[in-house]
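Data block below; observations after.
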Amino acid sequence: MKKLLYVLSLLVIASLVLTACGGGQPTAATQPPAQATEPPAEATEPPAEATEPPAGEPTAVPPSPTLTPYPVAECQGGKVCIRWFVGLGTGTDAPQIKTQEEVVADFNASQSEIQLILEIIPYNSARDTLSTQIASGAGPDIVGPVGWGGSNDFYGQWLDIGSQIAESGFDISIFDPALIKFYQTEEGQVGLPFAVFPGAMYFVPAMFDEAGLAYPPQKYGEKYVLDGAEVDWNWETITELARRLTVDVNGFDATQDGFDPTKIVQVGYNPQWQSIQSVGTFYGGAEILYTGDAKGSYQSTIPDSWKEAYQWYYDGMWGEKPFIATGPLSGSPEFGAGNVFNSGKAAMGLTQTWYTCCLGDFRDAGNEFQLGIQPIGANGEVAGRVDADTFRIWKGTKNPNAAFTVLAYLITTGADKLLPVYGAMPAVPSKTQAFFDQKSKDYPFVTKESWDVFVQGLAYPDAPTSEQYLPNSIKANARFATFMNLLNNTPDLDFDTEYQKLVDDLNSIYNE
Amino acid sequence: MFEELSNIRKALPTLRSFRNLSPLARREFRLGILFLSPWIIGFLAFTLLPMLATLFFSFLNLRITDGILSTPDFAGLENYKQLFKDPQIWSTATTPGSLWITIKFGLIALPIGIFLPLGIAVLMNNKRLKGPFFFRSMFYMPYIVPFVAAVFLWGGMLNSESGWINRSLLSLGIPKESLPLWVNDVNWVYPSYVIMGIWGIGNAMLIMLAGLQGVPTELYDAATVDGANSWQTFWKVTFPMISPVIFYNVVLSVVGLFQYFLVPLVVNFGNGNPGGATYFYNLYLYKTFFTFQNMSYGSALAWFLFAVILLVTIVLFSTAKYWVYYAGESR
């Protein structure tokens with residue numbers, strides 16, 4: 001009893017110490033700083049920035065957690081069991097689970113040697129679960145669908161499937177060669193194309209009509225006609241167009257005397273939900289952002305063309321003739337609280353296929369959009385971007401060949417059922433029609449020529465992707481995001497100093 | 001504080017005193033423990049154990065890199081050594097450190113957070129005030145608005161482009177270029193946060209008001225008889241009498257300030273902008289733990305924060321004897 005009392009006494013004392021010294025709940029009599037006593041509720045990521053995509057993955061269907069643990073099937077004796085891990089991207093919604101189960105059943109029915117086992121992990125805990133599984137040597141055989149971001153969180157864990165492709169004789173000619181190359185990283189051929197989200201210039205024809213401007217070209221290689229002359233569809237042209245399409249409250253555009261940059265009611269251009277790396281890629285082309293192969297040797301190699309892109313982006317917001325919404329403007333309710341193009345207040349927006357998810361308000365307000373090609377970058381070539389989801393094989397799998405058999409099935413036969421439920425565009429051009437039929441139902445005013453821009457865009461992936469792996473990736477990406485936030489929100493910025501600070505910080509972060 | 005703890009220790013039964021209890025008292029004691037047990041279990045599982053775990057983690061090298069949990073090697077005091085030379089915590093010639101940012105903001109917010117509710121409470125306590133209940137309700141009402149919702153609302157109101165505050169200033173003829181950028185300006189971001197904090201002073205005001213109403217009226221009568229004016233009455237009678245309430249608020253506010261987190265996370269996206277001015281210590285701790293997934297260093301940061309708060313709290317308690325008046329004590 002004495003011991004019990006002693007322990008209890010200690011507990012009470014400890015609790016009082018903790019309460020008095022900050023461990024307790026907010027009783028905050030003073031609220032001024034009292035926010036401080038609010039529980040740091042979300043262990044999840046902070047709310048997405050106005051300029052960030054709505055979710056970490058480019059997949060069109062936002063993932064939602066399953067509420068109860070998914071019942072995983074037993075491995076039957078006599079068969080090679082392949083575990084398929086779903087949760088890092090889309091695939092956790094109830095209808096998606098049902099379809100995935102059908103695909104698993106179809107595959108298992110077609111097989112006598114392999115048993116495919118589905119594992120659904122809620123999105124919010126999928127990373128932790130996979131980390132734990134891999135750390136304990138019990139990783140799944142196949143992971144996906146997963147985008148570049150999710151894959152890079154597990155950099156170094158994916159199997160180079162080059163030998164499996166060669167041994168199995170899998171026909172990769174069904175894909176655009178550019179997309180095959182897209183999945184060749186320093187880790188090898190880490191995937192094959194499955195669901196793709198090519199970029200395009202979304203534009204509002206009515207705004208172009210009002211400004212008396214020709215529409216953006218819809219075939220790669222075509223020129224743009226500006227003031228009667230043919231010009232390249234490049235950033236110089238887009239900047240000029242965007243200025244003419246940026247209008248103040250008095251009806252002046254950004255090229256006219258009397259234009260009031262403090263009272264903008266319509267902007268000419270918006271990089272819709274693009275990261276700062278994406279802005280750099282679209283402007284300056286895909287580039288590797290660091291050199292070095294071990295801690296201590298890493299160095300930032302942001303190309304000069306990207307620095308130029310950032311300066312252009314900044315001037316587009318805060319320069320004398322602005323044409324991009326600043327952070328405060330794009331964050332305002334009038335400009336859609338970040339979803340600027342959807343607010344109907346942007347004439348052009350460069351973004352990917354997945355953005356068709358988020359134009360309901362735009363359409364319901366009676367607006368119409370069409371699609372133009374991605375522009376030519378600073379290097380004189382089309383600087384496109386393709387976001388993509390696919391399946392990866394964990395390099396610790398005991399059955400790489402069987403896993404590849406499953407992967408091949410999922411991206412071909414299984415894709416017919418999976419892609420519609422994922423809301424994704426097929427990487428195989430011959431399978432895109434069903435996707436566009438559905439999209440045409442959502443946006444009946446979009447022409448066939450416009451949808452075709454997406455198909456053409458498959459030939460212009462960013463390799464390496466702008467979501468490429470960076471050493472100490474989470475922190476490095478956070479530093480890039482901070483820089484973008486600074487550009488978005490700071491007038492009179494000492495750009496060169498801040499840029500140098502970014503580079504210095506990245507050099508330090510890469511080598512931590 | 002230690003005195004209070006010692007009193008609590010004394011209040012708990014020793015083995016001898018427990019034996020001396022009557023059967024009824026023993027039964028009541030056991031029942032008391034039984035009823036307390038859910039809290040005790042919860043405290044053990046969800047507070048004490050995680051705290052001890054973080055203490056343990058802080059001596060390891062535990063982090064997730066490229067999705068893989070590192071092997072938990074013993075790191076000794078490495079995390080604490082790193083902490084003391086971390087430029088993110090300690091200010092350098094070019095960038096402010098998280099600890100200084102937190103303290104600097106505290107120096108601005110704390111006086112306002114104490115004296116403003118006190119001032120309003122004094123007004124609320126004025127016998128000549130018409131409709132005191134209405135005003136009390138009005139001042140208290142913002143406190144019941146969920147805080148995240150309020151922060152979002154304030155973020156909108158302080159939007160330099162579309163917020164009605166700047167629009168109002170604009171309509172008053174203030175040139176656009178002279179308008180504050182509020183949360184996006186390194187010079188305005190702390191005042192903005194303080195303004196948001198003022199929104200929720202209702203609770204502090206109510207506690208101050210309760211303290212004011214507990215001051216015996218005879219003391220005011222005596223002061224009047226002695227010829228004290230209202231200022232003297234306030235400083236010589238009211239303030240000492242409510243000093244325990246003020247002290248209570250000061251302690252909680254200081255603790256709260258060191259944990260300041262939510263506003264910069266929601267309003268400035270937790271990235272430290274503008275110019276690193278909003279990278280508060282607790283935000284850095286949170287990001288180290290949950291974004292950068294460096295559990296061991298995050299744990300070290302948490303324990304360092306605990307130590308700092310403990311130290312400041314002890315200092316505060318040690319000053320209490322000079323300015324806090326407890327009726328019935330010989331101070």
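Residues are referred to by chain and number: the chain letter is A, B, ... according to the order shown in the structure tokens, the number counts from 1 in that chain, and ligands are numbered separately from 1 in the order shown.
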Task: Contacts of Asp232 of chain A within 12 Å, only C-alpha atoms, excl. fewer than 6 positions in-chain, as a PyMOL selection string - done: chain A and resi 216-217+220-226+238+373-378+380-382
Resulting file, chosen residues, C-alpha atoms, as a short mmCIF file (atom, residue, chain, number, x, y, z; two decimals), in the first residue's frame:
```cif
data_model
loop_
_atom_site.label_atom_id
_atom_site.label_comp_id
_atom_site.auth_asym_id
_atom_site.auth_seq_id
_atom_site.Cartn_x
_atom_site.Cartn_y
_atom_site.Cartn_z
CA PRO A 216 -3.59 29.84 -78.44
CA PRO A 217 -2.47 27.19 -80.95
CA TYR A 220 2.49 21.49 -81.40
CA GLY A 221 4.63 23.23 -83.99
CA GLU A 222 1.99 25.82 -84.85
CA LYS A 223 2.75 29.51 -84.55
CA TYR A 224 0.62 32.13 -82.85
CA VAL A 225 -0.71 35.10 -84.76
CA LEU A 226 -0.17 38.32 -82.86
CA ILE A 238 2.43 34.61 -73.52
CA ILE A 373 -0.50 23.73 -76.31
CA GLN A 374 2.26 24.16 -73.76
CA PRO A 375 4.70 26.90 -74.74
CA ILE A 376 8.27 26.75 -75.99
CA GLY A 377 10.71 27.21 -73.15
CA ALA A 378 13.89 29.22 -72.84
CA GLY A 380 13.82 26.80 -77.72
CA GLU A 381 11.97 23.52 -77.22
CA VAL A 382 8.55 22.77 -75.87
#
```
- [ ] List every residue of segment 237-333 of chain A that DSSP, applied to the backbone, labels as alpha helix (DSSP H), and write the result as a count of residues only.
- [x] 37
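Nearest residue to Asn124 of chain A among A:Ser136, A:Thr92, A:Thr99, A:Ser330 is A:Thr92, counting only C-alpha atoms.
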Task: Option closest in space to chain B, from A:Glu113, A:Asp364, A:Asp227, A:Glu512 [counting only C-alpha atoms] - done: A:Glu512
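Using only C-alpha atoms for every distance, the candidate list B:Val183, B:Ala109, B:Ile174, B:Ala45 yields B:Val183 as the residue closest to Gly156 of chain B.
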- [ ] Can you check which residues of chain B have any atom within 7 Å of chain A? Use only C-alpha atoms and format it as an MDAnalysis selection string.
- [x] chainID B and resid 5 9 12 15 66:69 109 113:114 159:162 184 194 197:198 200:201 203:204 207 249 252:253 255:257 259:262 265:266 269:271 273:274 290 292 309:310 313
N, CA and C atoms of the current selection, written as a compact mmCIF listing (two decimals), in the first residue's frame:
```
# COMPACT_ATOMS: atom_id res chain seq x y z
N LEU B 5 3.37 22.19 -4.34
CA LEU B 5 3.58 20.75 -4.52
C LEU B 5 3.81 20.08 -3.19
N ARG B 9 1.76 17.13 -1.39
CA ARG B 9 2.42 15.93 -0.86
C ARG B 9 1.95 15.67 0.57
N LEU B 12 -1.52 14.16 0.91
CA LEU B 12 -1.72 12.76 0.59
C LEU B 12 -1.44 11.90 1.81
N LEU B 15 1.42 5.90 4.74
CA LEU B 15 0.97 4.56 5.11
C LEU B 15 0.40 4.58 6.53
N ASP B 66 14.02 9.08 -46.74
CA ASP B 66 13.55 8.38 -47.93
C ASP B 66 12.56 7.27 -47.57
N GLY B 67 11.70 7.60 -46.64
CA GLY B 67 10.62 6.69 -46.28
C GLY B 67 11.01 5.59 -45.34
N ILE B 68 12.27 5.53 -44.99
CA ILE B 68 12.73 4.40 -44.17
C ILE B 68 13.14 4.90 -42.79
N LEU B 69 12.61 4.23 -41.80
CA LEU B 69 12.97 4.55 -40.42
C LEU B 69 14.40 4.11 -40.17
N ALA B 109 3.20 40.78 -27.21
CA ALA B 109 1.84 40.28 -26.97
C ALA B 109 1.47 40.20 -25.49
N GLY B 113 -1.85 41.43 -23.79
CA GLY B 113 -2.72 40.34 -23.40
C GLY B 113 -3.10 40.36 -21.94
N ILE B 114 -2.35 41.08 -21.13
CA ILE B 114 -2.68 41.16 -19.71
C ILE B 114 -3.46 42.44 -19.42
N ASN B 159 -6.31 40.39 -45.44
CA ASN B 159 -5.77 40.25 -46.79
C ASN B 159 -5.50 41.65 -47.34
N SER B 160 -4.26 41.86 -47.77
CA SER B 160 -3.89 43.23 -48.16
C SER B 160 -4.62 43.68 -49.42
N GLU B 161 -5.11 42.74 -50.21
CA GLU B 161 -5.81 43.12 -51.44
C GLU B 161 -7.32 43.20 -51.25
N SER B 162 -7.87 42.19 -50.63
CA SER B 162 -9.33 42.12 -50.60
C SER B 162 -9.91 42.25 -49.19
N ASN B 184 1.87 39.67 -44.39
CA ASN B 184 2.93 39.47 -45.37
C ASN B 184 4.04 40.51 -45.25
N VAL B 194 -1.15 39.96 -32.95
CA VAL B 194 -1.66 40.48 -31.68
C VAL B 194 -3.14 40.86 -31.85
N GLY B 197 -5.14 37.94 -31.65
CA GLY B 197 -5.19 37.46 -30.27
C GLY B 197 -6.18 38.26 -29.44
N ILE B 198 -6.26 39.55 -29.71
CA ILE B 198 -7.18 40.41 -28.94
C ILE B 198 -8.61 39.94 -29.12
N GLY B 200 -9.74 37.21 -28.86
CA GLY B 200 -10.15 36.17 -27.92
C GLY B 200 -9.85 36.49 -26.47
N ILE B 201 -9.88 37.77 -26.11
CA ILE B 201 -9.51 38.11 -24.73
C ILE B 201 -10.68 37.94 -23.75
N ASN B 203 -12.17 35.52 -22.31
CA ASN B 203 -12.01 34.63 -21.18
C ASN B 203 -11.16 35.28 -20.09
N ALA B 204 -10.06 35.89 -20.53
CA ALA B 204 -9.19 36.57 -19.56
C ALA B 204 -9.95 37.71 -18.90
N ILE B 207 -12.24 36.39 -16.19
CA ILE B 207 -11.54 35.99 -14.97
C ILE B 207 -11.08 37.22 -14.18
N ASN B 249 -2.83 34.65 -14.85
CA ASN B 249 -2.90 34.94 -16.29
C ASN B 249 -1.52 35.09 -16.91
N LEU B 252 0.07 31.57 -17.35
CA LEU B 252 -0.51 30.83 -18.47
C LEU B 252 -0.15 31.46 -19.81
N SER B 253 -0.11 32.78 -19.82
CA SER B 253 0.21 33.46 -21.08
C SER B 253 1.65 33.19 -21.50
N VAL B 255 3.48 30.61 -20.73
CA VAL B 255 3.53 29.22 -21.19
C VAL B 255 2.95 29.12 -22.59
N GLY B 256 1.81 29.78 -22.76
CA GLY B 256 1.14 29.76 -24.07
C GLY B 256 1.99 30.38 -25.16
N LEU B 257 2.66 31.46 -24.81
CA LEU B 257 3.49 32.14 -25.82
C LEU B 257 4.64 31.27 -26.30
N GLN B 259 4.50 28.29 -26.61
CA GLN B 259 3.94 27.23 -27.46
C GLN B 259 3.21 27.81 -28.66
N TYR B 260 3.41 29.07 -28.95
CA TYR B 260 2.68 29.75 -30.03
C TYR B 260 2.90 29.00 -31.34
N PHE B 261 1.79 28.72 -32.04
CA PHE B 261 1.92 27.75 -33.12
C PHE B 261 0.86 27.90 -34.20
N LEU B 262 -0.40 27.93 -33.74
CA LEU B 262 -1.48 27.75 -34.69
C LEU B 262 -1.60 28.89 -35.70
N LEU B 265 0.95 28.86 -38.41
CA LEU B 265 0.74 27.67 -39.25
C LEU B 265 -0.41 27.91 -40.24
N VAL B 266 -1.49 28.48 -39.75
CA VAL B 266 -2.67 28.65 -40.60
C VAL B 266 -2.53 29.87 -41.52
N PHE B 269 1.08 29.66 -43.43
CA PHE B 269 1.36 28.32 -43.95
C PHE B 269 2.53 27.64 -43.26
N GLY B 270 2.96 28.19 -42.13
CA GLY B 270 4.01 27.53 -41.36
C GLY B 270 5.37 27.52 -42.04
N ASN B 271 5.58 28.42 -43.00
CA ASN B 271 6.88 28.39 -43.69
C ASN B 271 7.80 29.53 -43.25
N ASN B 273 7.51 32.71 -43.51
CA ASN B 273 7.39 34.00 -44.18
C ASN B 273 6.47 34.92 -43.39
N PRO B 274 6.63 36.20 -43.48
CA PRO B 274 7.61 36.92 -44.30
C PRO B 274 8.99 36.96 -43.65
N PHE B 290 7.13 16.39 -37.51
CA PHE B 290 6.11 15.80 -38.37
C PHE B 290 6.30 16.05 -39.86
N PHE B 292 9.69 17.11 -41.28
CA PHE B 292 11.01 16.62 -41.65
C PHE B 292 11.29 15.23 -41.06
N ILE B 309 10.58 26.65 -20.55
CA ILE B 309 9.31 27.04 -19.93
C ILE B 309 9.39 26.83 -18.41
N LEU B 310 9.97 25.73 -18.02
CA LEU B 310 10.10 25.45 -16.59
C LEU B 310 10.93 26.54 -15.91
N THR B 313 9.05 29.78 -15.75
CA THR B 313 7.97 29.67 -14.77
C THR B 313 8.52 29.78 -13.35
```
TODO: Find the distance between atom CA of Asp494 of chain A and atom CA of Lys307 of chain A and write it in Å to one decimal.
DONE: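 Separation of atom CA of Asp494 of chain A and atom CA of Lys307 of chain A: 13.6 Å.
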